[in-house]
$ cat upload-v7.tsv   # TSV, C-alpha atoms (C1' of nucleotides)
chain	number	residue	atom	x	y	z
A	1	MET	CA	42.06	163.98	178.67
A	2	GLN	CA	39.30	161.58	179.75
A	3	ILE	CA	39.11	160.52	183.39
A	4	VAL	CA	36.79	157.68	184.44
A	5	SER	CA	35.52	156.45	187.80
A	6	TRP	CA	33.89	153.03	187.88
A	7	ASN	CA	32.80	150.65	190.61
A	8	ILE	CA	33.56	147.43	188.72
A	9	ASN	CA	32.08	145.01	191.33
A	10	SER	CA	34.82	142.35	191.11
A	11	LEU	CA	37.58	142.90	188.57
A	12	ASN	CA	37.93	139.12	188.38
A	13	ALA	CA	34.31	138.61	187.30
A	14	ARG	CA	34.45	141.73	185.09
A	15	LYS	CA	37.85	141.26	183.42
A	16	ASP	CA	36.52	140.86	179.85
A	17	PHE	CA	33.93	143.57	180.38
A	18	ALA	CA	36.64	145.96	181.62
A	19	ALA	CA	38.84	145.07	178.61
A	20	ARG	CA	35.99	145.98	176.25
A	21	PHE	CA	35.56	149.27	178.07
A	22	LEU	CA	39.25	150.20	177.91
A	23	ASP	CA	39.40	149.33	174.18
A	24	GLU	CA	36.25	151.29	173.25
A	25	VAL	CA	36.40	154.32	175.54
A	26	ARG	CA	40.20	154.53	175.93
A	27	PRO	CA	40.29	156.86	178.94
A	28	GLU	CA	43.71	158.35	179.81
A	29	VAL	CA	43.00	157.83	183.51
A	30	ILE	CA	40.69	155.36	185.23
A	31	GLY	CA	39.94	154.74	188.89
A	32	LEU	CA	38.26	151.44	189.71
A	33	GLN	CA	36.60	150.46	192.98
A	34	GLU	CA	35.44	147.14	194.48
A	35	LEU	CA	38.14	145.01	192.85
A	36	LYS	CA	37.43	142.19	195.34
A	37	LEU	CA	41.00	140.98	194.71
A	38	GLU	CA	44.22	140.89	196.67
A	39	THR	CA	46.89	143.25	195.31
A	40	ASP	CA	49.00	140.44	193.80
A	41	LYS	CA	45.94	138.77	192.19
A	42	VAL	CA	45.01	141.87	190.17
A	43	PRO	CA	45.41	141.19	186.41
A	44	ARG	CA	47.88	144.02	185.81
A	45	GLU	CA	48.41	142.94	182.18
A	46	LEU	CA	44.84	144.05	181.43
A	47	PHE	CA	46.22	147.57	181.84
A	48	THR	CA	49.91	147.26	180.95
A	49	GLU	CA	49.12	145.58	177.60
A	50	ARG	CA	47.08	148.67	176.74
A	51	GLY	CA	49.80	151.13	177.71
A	52	TYR	CA	48.66	151.98	181.22
A	53	GLU	CA	50.66	152.21	184.41
A	54	VAL	CA	48.75	150.86	187.36
A	55	ALA	CA	48.75	151.37	191.14
A	56	VAL	CA	46.72	148.97	193.28
A	57	LEU	CA	45.51	148.64	196.84
A	58	GLY	CA	43.76	145.28	196.94
A	59	GLN	CA	42.01	143.20	199.57
A	60	LYS	CA	40.76	139.64	199.64
A	61	SER	CA	37.01	139.27	198.92
A	62	TRP	CA	35.98	142.87	199.54
A	63	ASN	CA	36.89	146.44	198.62
A	64	GLY	CA	40.09	147.09	196.64
A	65	VAL	CA	40.89	150.19	194.54
A	66	LEU	CA	43.14	150.89	191.59
A	67	ILE	CA	44.35	153.80	189.46
A	68	ALA	CA	45.54	153.24	185.89
A	69	ALA	CA	46.90	155.98	183.64
A	70	LYS	CA	48.63	156.31	180.28
A	71	GLN	CA	51.19	158.67	181.84
A	72	PRO	CA	53.56	157.82	184.72
A	73	LEU	CA	51.93	157.47	188.15
A	74	VAL	CA	54.03	159.07	190.88
A	75	ASP	CA	53.76	159.62	194.63
A	76	VAL	CA	51.36	156.73	195.17
A	77	GLU	CA	49.75	156.89	198.60
A	78	THR	CA	47.36	154.44	200.25
A	79	TRP	CA	45.24	154.69	203.37
A	80	LEU	CA	43.54	151.79	205.16
A	81	GLY	CA	40.87	153.90	206.83
A	82	PRO	CA	40.36	155.14	210.37
A	83	ASP	CA	40.44	151.76	212.17
A	84	PRO	CA	43.53	149.64	212.98
A	85	GLU	CA	42.27	146.53	211.12
A	86	GLY	CA	42.14	148.43	207.82
A	87	GLU	CA	40.14	148.25	204.60
A	88	ALA	CA	41.40	148.86	201.05
A	89	ARG	CA	39.30	151.85	200.06
A	90	PHE	CA	41.74	154.68	199.27
A	91	ILE	CA	44.55	155.15	196.80
A	92	ALA	CA	46.09	158.37	195.51
A	93	ALA	CA	48.63	159.16	192.81
A	94	THR	CA	49.85	162.09	190.74
A	95	VAL	CA	49.52	161.96	186.94
A	96	GLY	CA	50.96	164.77	184.84
A	97	GLY	CA	50.92	167.20	187.77
A	98	LEU	CA	47.33	166.33	188.69
A	99	ARG	CA	46.75	164.73	192.10
A	100	LEU	CA	44.12	161.97	191.97
A	101	ILE	CA	42.35	160.40	194.93
A	102	ASN	CA	40.32	157.27	194.17
A	103	VAL	CA	38.06	156.20	197.00
A	104	TYR	CA	35.45	153.54	197.69
A	105	CYS	CA	33.45	154.83	200.63
A	106	PRO	CA	31.60	152.31	202.82
A	107	GLN	CA	27.96	151.68	201.96
A	108	GLY	CA	26.69	151.80	205.54
A	109	GLN	CA	24.07	149.02	205.52
A	110	THR	CA	21.43	150.52	207.89
A	111	GLU	CA	21.25	153.70	209.93
A	112	ASP	CA	21.55	151.86	213.27
A	113	SER	CA	24.40	149.52	212.24
A	114	ASP	CA	28.10	149.51	213.15
A	115	LYS	CA	28.76	149.84	209.42
A	116	PHE	CA	26.97	153.17	209.32
A	117	ALA	CA	29.02	154.46	212.25
A	118	TYR	CA	32.11	153.27	210.39
A	119	LYS	CA	30.98	155.09	207.24
A	120	LEU	CA	30.78	158.36	209.17
A	121	ARG	CA	34.22	157.77	210.75
A	122	PHE	CA	35.62	156.94	207.33
A	123	TYR	CA	34.23	160.21	205.96
A	124	ASP	CA	35.69	162.17	208.86
A	125	GLY	CA	39.10	160.65	208.12
A	126	LEU	CA	38.74	161.35	204.42
A	127	ILE	CA	37.74	164.97	205.06
A	128	ALA	CA	40.74	165.39	207.37
A	129	ARG	CA	43.16	163.97	204.75
A	130	ILE	CA	41.76	166.10	201.95
A	131	GLY	CA	41.46	169.13	204.23
A	132	ALA	CA	45.18	168.92	205.09
A	133	GLY	CA	45.92	169.78	201.45
A	134	ASP	CA	45.71	173.04	199.54
A	135	PRO	CA	42.32	173.78	197.90
A	136	SER	CA	44.08	175.91	195.27
A	137	ALA	CA	46.18	172.93	194.11
A	138	PRO	CA	45.06	170.73	191.20
A	139	LEU	CA	43.19	167.78	192.74
A	140	VAL	CA	40.55	165.32	191.56
A	141	VAL	CA	38.63	163.16	194.05
A	142	LEU	CA	36.76	160.40	192.29
A	143	GLY	CA	35.10	157.16	193.21
A	144	ASP	CA	32.08	155.47	194.65
A	145	LEU	CA	31.45	157.96	197.43
A	146	ASN	CA	28.24	156.15	198.35
A	147	VAL	CA	26.33	159.41	198.86
A	148	ALA	CA	23.55	160.84	196.70
A	149	PRO	CA	24.14	164.55	197.43
A	150	ASP	CA	20.71	165.99	196.57
A	151	PRO	CA	17.08	164.81	196.29
A	152	GLU	CA	17.28	164.58	192.48
A	153	ASP	CA	20.18	162.14	192.88
A	154	ILE	CA	18.03	159.31	194.29
A	155	TYR	CA	14.84	157.69	192.99
A	156	ASP	CA	12.80	158.08	196.21
A	157	PRO	CA	14.22	160.91	198.35
A	158	VAL	CA	11.21	160.88	200.69
A	159	GLY	CA	10.99	157.12	201.27
A	160	LEU	CA	14.78	156.83	201.61
A	161	ALA	CA	15.29	160.01	203.67
A	162	THR	CA	17.26	158.31	206.46
A	163	THR	CA	18.65	155.38	204.46
A	164	PRO	CA	22.44	155.07	204.04
A	165	SER	CA	23.59	156.77	200.81
A	166	PHE	CA	21.06	159.57	201.42
A	167	HIS	CA	21.20	160.03	205.20
A	168	PRO	CA	21.53	163.68	206.36
A	169	LEU	CA	24.76	162.91	208.29
A	170	GLU	CA	26.42	161.66	205.10
A	171	ARG	CA	25.11	164.43	202.89
A	172	GLU	CA	26.44	166.93	205.43
A	173	ARG	CA	29.88	165.31	205.17
A	174	PHE	CA	29.71	165.35	201.38
A	175	ARG	CA	28.89	169.09	201.54
A	176	ARG	CA	31.95	169.61	203.74
A	177	LEU	CA	34.10	168.39	200.84
A	178	LEU	CA	32.43	170.98	198.62
A	179	ASP	CA	32.80	173.68	201.28
A	180	TRP	CA	36.54	172.96	201.44
A	181	GLY	CA	36.87	173.72	197.74
A	182	LEU	CA	35.85	170.70	195.68
A	183	VAL	CA	33.34	171.09	192.85
A	184	ASP	CA	31.01	168.37	191.55
A	185	VAL	CA	32.10	168.57	187.92
A	186	VAL	CA	29.58	165.96	186.69
A	187	LYS	CA	26.37	167.52	187.95
A	188	PRO	CA	26.29	170.48	185.50
A	189	HIS	CA	26.67	168.08	182.55
A	190	VAL	CA	23.99	165.48	183.35
A	191	PRO	CA	20.21	165.92	183.61
A	192	ALA	CA	18.56	166.00	187.05
A	193	GLY	CA	17.62	162.42	187.88
A	194	ALA	CA	20.67	160.89	186.17
A	195	PHE	CA	21.90	157.93	188.22
A	196	SER	CA	25.15	155.94	188.33
A	197	PHE	CA	24.06	152.92	190.42
A	198	TRP	CA	21.08	150.61	190.19
A	199	ASP	CA	20.69	147.62	192.52
A	200	TYR	CA	20.72	144.21	190.82
A	201	ARG	CA	17.56	143.30	192.76
A	202	GLY	CA	14.00	143.84	191.71
A	203	GLY	CA	14.72	144.91	188.14
A	204	ASP	CA	15.81	148.30	189.48
A	205	PHE	CA	17.80	149.20	186.37
A	206	HIS	CA	14.82	148.69	184.08
A	207	LYS	CA	12.60	150.66	186.46
A	208	ASN	CA	15.34	153.33	186.70
A	209	LYS	CA	15.34	153.06	190.50
A	210	GLY	CA	18.87	154.32	190.99
A	211	MET	CA	21.13	156.78	192.74
A	212	ARG	CA	23.96	159.11	191.69
A	213	ILE	CA	26.60	158.00	194.19
A	214	ASP	CA	29.66	157.74	191.90
A	215	HIS	CA	31.36	161.11	191.61
A	216	VAL	CA	34.17	163.15	190.18
A	217	LEU	CA	35.00	166.18	192.31
A	218	ALA	CA	37.73	168.67	191.46
A	219	THR	CA	39.32	171.78	192.92
A	220	LYS	CA	38.41	175.01	191.11
A	221	VAL	CA	41.61	175.19	189.07
A	222	VAL	CA	40.77	171.76	187.58
A	223	ALA	CA	37.01	172.38	187.38
A	224	ALA	CA	37.79	175.31	185.06
A	225	ARG	CA	39.35	172.81	182.62
A	226	VAL	CA	36.31	170.51	182.44
A	227	GLU	CA	34.73	170.55	178.98
A	228	GLY	CA	32.22	167.76	179.49
A	229	ALA	CA	31.06	164.87	181.65
A	230	ALA	CA	28.71	161.93	181.33
A	231	ILE	CA	27.40	158.88	183.10
A	232	LEU	CA	27.92	156.01	180.67
A	233	ARG	CA	24.60	154.25	181.28
A	234	GLU	CA	25.07	151.89	178.31
A	235	TRP	CA	27.87	150.18	180.23
A	236	ARG	CA	25.40	149.20	182.97
A	237	LYS	CA	23.82	146.85	180.40
A	238	LYS	CA	24.87	143.35	179.41
A	239	LYS	CA	27.51	143.35	176.62
A	240	ASP	CA	27.40	140.28	174.33
A	241	GLY	CA	26.52	138.02	177.23
A	242	LEU	CA	28.96	139.65	179.64
A	243	ALA	CA	27.27	140.59	182.92
A	244	PRO	CA	27.54	144.26	183.92
A	245	SER	CA	28.54	145.83	187.23
A	246	ASP	CA	25.70	147.37	189.23
A	247	HIS	CA	27.41	150.75	188.64
A	248	ALA	CA	27.88	152.71	185.42
A	249	PRO	CA	31.22	154.41	184.68
A	250	VAL	CA	31.37	158.18	185.14
A	251	LEU	CA	33.50	160.12	182.67
A	252	VAL	CA	34.94	163.64	182.74
A	253	ARG	CA	36.79	165.34	179.87
A	254	LEU	CA	39.53	167.83	180.79
A	255	ARG	CA	41.22	170.34	178.49
A	256	ASP	CA	45.01	169.95	178.39
B	1	DA	C1'	2.94	140.39	195.71
B	2	DT	C1'	6.37	142.29	202.15
B	3	DG	C1'	9.40	139.58	196.52
B	4	DG	C1'	13.87	140.16	193.19
B	5	DT	C1'	20.32	139.52	192.10
B	6	DT	C1'	25.13	139.17	191.95
B	7	DG	C1'	29.86	137.95	193.61
B	8	DG	C1'	32.77	135.81	196.89
B	9	DC	C1'	33.84	131.30	198.37
B	10	DC	C1'	32.50	127.23	202.66
B	11	DT	C1'	26.53	128.05	203.03
B	12	DC	C1'	25.77	132.93	204.51
B	13	DC	C1'	27.60	137.91	204.10
B	14	DA	C1'	27.73	142.26	201.63
B	15	DA	C1'	25.81	145.36	198.42
$ encode --input "upload-v7.tsv" --output "structure tokens"
Amino acid sequence: MQIVSWNINSLNARKDFAARFLDEVRPEVIGLQELKLETDKVPRELFTERGYEVAVLGQKSWNGVLIAAKQPLVDVETWLGPDPEGEARFIAATVGGLRLINVYCPQGQTEDSDKFAYKLRFYDGLIARIGAGDPSAPLVVLGDLNVAPDPEDIYDPVGLATTPSFHPLERERFRRLLDWGLVDVVKPHVPAGAFSFWDYRGGDFHKNKGMRIDHVLATKVVAARVEGAAILREWRKKKDGLAPSDHAPVLVRLRD
DNA sequence: ATGGTTGGCCTCCAA
């Protein structure tokens, strides 16, 4: 079974690109982030025509997450974050006995911004939700977690030492997820210095100035079933004139 | 060289 996480950066702008991806890679499960679409504006037929069930938490202009799977999706749960106004960054569902959490963590802007404080609060809420569960149960947490966990996961760990996505307070929160019982199941299968995100600006992709901030984490019982993982860098490139997202898809293969 | 890009949608914000 192939499971994919991908920050699509507008499903509306990326509809044809996403269709190509689904037809060529044919993952059994996919979690998308940054739909930038309201729930009822999501092109569900993109998935249903290809045999997927789909669960969506959308939002106008920003955020928005979705899980699609070729098996029934049950026990769908959404969370609008720690603040009363709410942002569409979390959706969970169970597929074939496997609990999936798909999350788009805030980016955080700058260290001294309200957005960074929100990012930390969001993480605390996420840790509390995950921590309320059983670490021996089969769980996958995937998504754009917006944290490069280790120095090899960012192109300039010294220059960006206190920048959001590599700030010590975020990396500490990321480690708390691992301490609870989640395993980074991608890291052992990709070379050090493999990235999943490159900014559109400054030709960063061509200079390979990127970060590994898109993740698939799994509890140990699931991690034991992982037979491979990859960051699909080719899908960060233009495809027959179709513009790419600024993130590459991340793929994990699980034994049945 | 103190820059560059993309998407949403109201002319600037977010990443």
$ closest_residue --input "upload-v7.tsv" --among "A:Ile30, A:Leu37, A:Ala19, A:Val186" --to "chain B" --atoms "all atoms listed in the file"
A:Leu37
$ closest_atom_pairs --input "upload-v7.tsv" --of "chain B" --to "chain A" --cutoff "7 Å" --atoms "all atoms listed in the file" --output "tab-separated table"
residue	atom	partner	partner_atom	distance
B:DG4	C1'	A:Gly202	CA	4.0
B:DT5	C1'	A:Arg201	CA	4.7
B:DT6	C1'	A:Tyr200	CA	6.8
B:DG8	C1'	A:Ser61	CA	5.8
$ residues_around --input "upload-v7.tsv" --residues "Phe17 (chain A)" --least-positions-apart "5" --cutoff "12 Å" --atoms "only C-alpha atoms (C1' of nucleotides)" --output "list in words"
Ile8, Asn9, Ser10, Leu11, Asn12, Leu22, Asp23, Glu24, Leu46, Trp235, Arg236, Lys237, Lys238, Lys239, Asp240, Gly241, Leu242, Ala243, Pro244, Ser245 and Pro249 of chain A
$ write_last_selection --input "upload-v7.tsv" --atoms "C-alpha atoms" --output "CSV table (one decimal), keeping the file's coordinate frame"
chain,number,residue,atom,x,y,z
A,8,ILE,CA,33.6,147.4,188.7
A,9,ASN,CA,32.1,145.0,191.3
A,10,SER,CA,34.8,142.4,191.1
A,11,LEU,CA,37.6,142.9,188.6
A,12,ASN,CA,37.9,139.1,188.4
A,22,LEU,CA,39.2,150.2,177.9
A,23,ASP,CA,39.4,149.3,174.2
A,24,GLU,CA,36.2,151.3,173.2
A,46,LEU,CA,44.8,144.0,181.4
A,235,TRP,CA,27.9,150.2,180.2
A,236,ARG,CA,25.4,149.2,183.0
A,237,LYS,CA,23.8,146.8,180.4
A,238,LYS,CA,24.9,143.4,179.4
A,239,LYS,CA,27.5,143.4,176.6
A,240,ASP,CA,27.4,140.3,174.3
A,241,GLY,CA,26.5,138.0,177.2
A,242,LEU,CA,29.0,139.6,179.6
A,243,ALA,CA,27.3,140.6,182.9
A,244,PRO,CA,27.5,144.3,183.9
A,245,SER,CA,28.5,145.8,187.2
A,249,PRO,CA,31.2,154.4,184.7
$ axis_aligned_box --input "upload-v7.tsv" --around "region 2-13 of chain B" --padding-each-side "6 Å" --output "AutoDock Vina command-line options"
--center_x 20.1 --center_y 134.8 --center_z 198.2 --size_x 39.5 --size_y 27.1 --size_z 24.6
$ atom_distance --input "upload-v7.tsv" --atom1 "CA of Arg14 (chain A)" --atom2 "CA of Ile213 (chain A)"
20.2 Å
$ closest_residue --input "upload-v7.tsv" --among "A:Asp83, A:Asp114, A:Glu77, A:Glu34" --to "Leu145 (chain A)" --atoms "all atoms listed in the file"
A:Glu34
$ closest_residue --input "upload-v7.tsv" --among "A:Tyr123, A:Trp79, A:Tyr52, A:Tyr118" --to "Arg175 (chain A)" --atoms "only C-alpha atoms"
A:Tyr123
$ closest_residue --input "upload-v7.tsv" --among "A:Val190, A:Ala218, A:Ala148, A:Ala161" --to "Glu111 (chain A)" --atoms "all atoms listed in the file"
A:Ala161
$ atom_distance --input "upload-v7.tsv" --atom1 "CA of Ser196 (chain A)" --atom2 "CA of Val226 (chain A)"
19.3 Å
$ residues_around --input "upload-v7.tsv" --residues "Gln71 (chain A)" --least-positions-apart "4" --cutoff "7 Å" --atoms "all atoms listed in the file" --output "CSV table (one decimal) with C-alpha atoms, keeping the file's coordinate frame"
chain,number,residue,atom,x,y,z
A,53,GLU,CA,50.7,152.2,184.4
A,95,VAL,CA,49.5,162.0,186.9
A,96,GLY,CA,51.0,164.8,184.8
$ atom_distance --input "upload-v7.tsv" --atom1 "CA of Gln33 (chain A)" --atom2 "CA of Leu66 (chain A)"
6.7 Å
$ residues_around --input "upload-v7.tsv" --residues "region 124-132 of chain A" --least-positions-apart "6" --cutoff "7 Å" --atoms "only C-alpha atoms (C1' of nucleotides)" --output "PyMOL selection string"
chain A and resi 82+177+180
$ closest_residue --input "upload-v7.tsv" --among "A:Ser165, A:Thr78, A:Gln59, A:Thr110" --to "Asp40 (chain A)" --atoms "all atoms listed in the file"
A:Gln59
$ decode --input "upload-v7.tsv" --residues "chain B" --atoms "C-alpha atoms (C1' of nucleotides)" --output "compact mmCIF listing (two decimals), in the first residue's frame"
# COMPACT_ATOMS: atom_id res chain seq x y z
C1' DA B 1 23.27 42.31 -6.65
C1' DT B 2 20.04 43.51 0.06
C1' DG B 3 17.00 40.75 -5.54
C1' DG B 4 13.67 36.54 -7.14
C1' DT B 5 7.75 33.71 -7.41
C1' DT B 6 3.29 31.91 -7.03
C1' DG B 7 -1.71 31.83 -5.74
C1' DG B 8 -5.67 34.10 -4.02
C1' DC B 9 -8.68 37.67 -5.42
C1' DC B 10 -9.74 43.59 -4.70
C1' DT B 11 -4.07 45.67 -4.81
C1' DC B 12 -1.60 43.52 -0.82
C1' DC B 13 -1.17 39.11 2.12
C1' DA B 14 0.84 34.57 2.82
C1' DA B 15 4.29 31.28 1.88
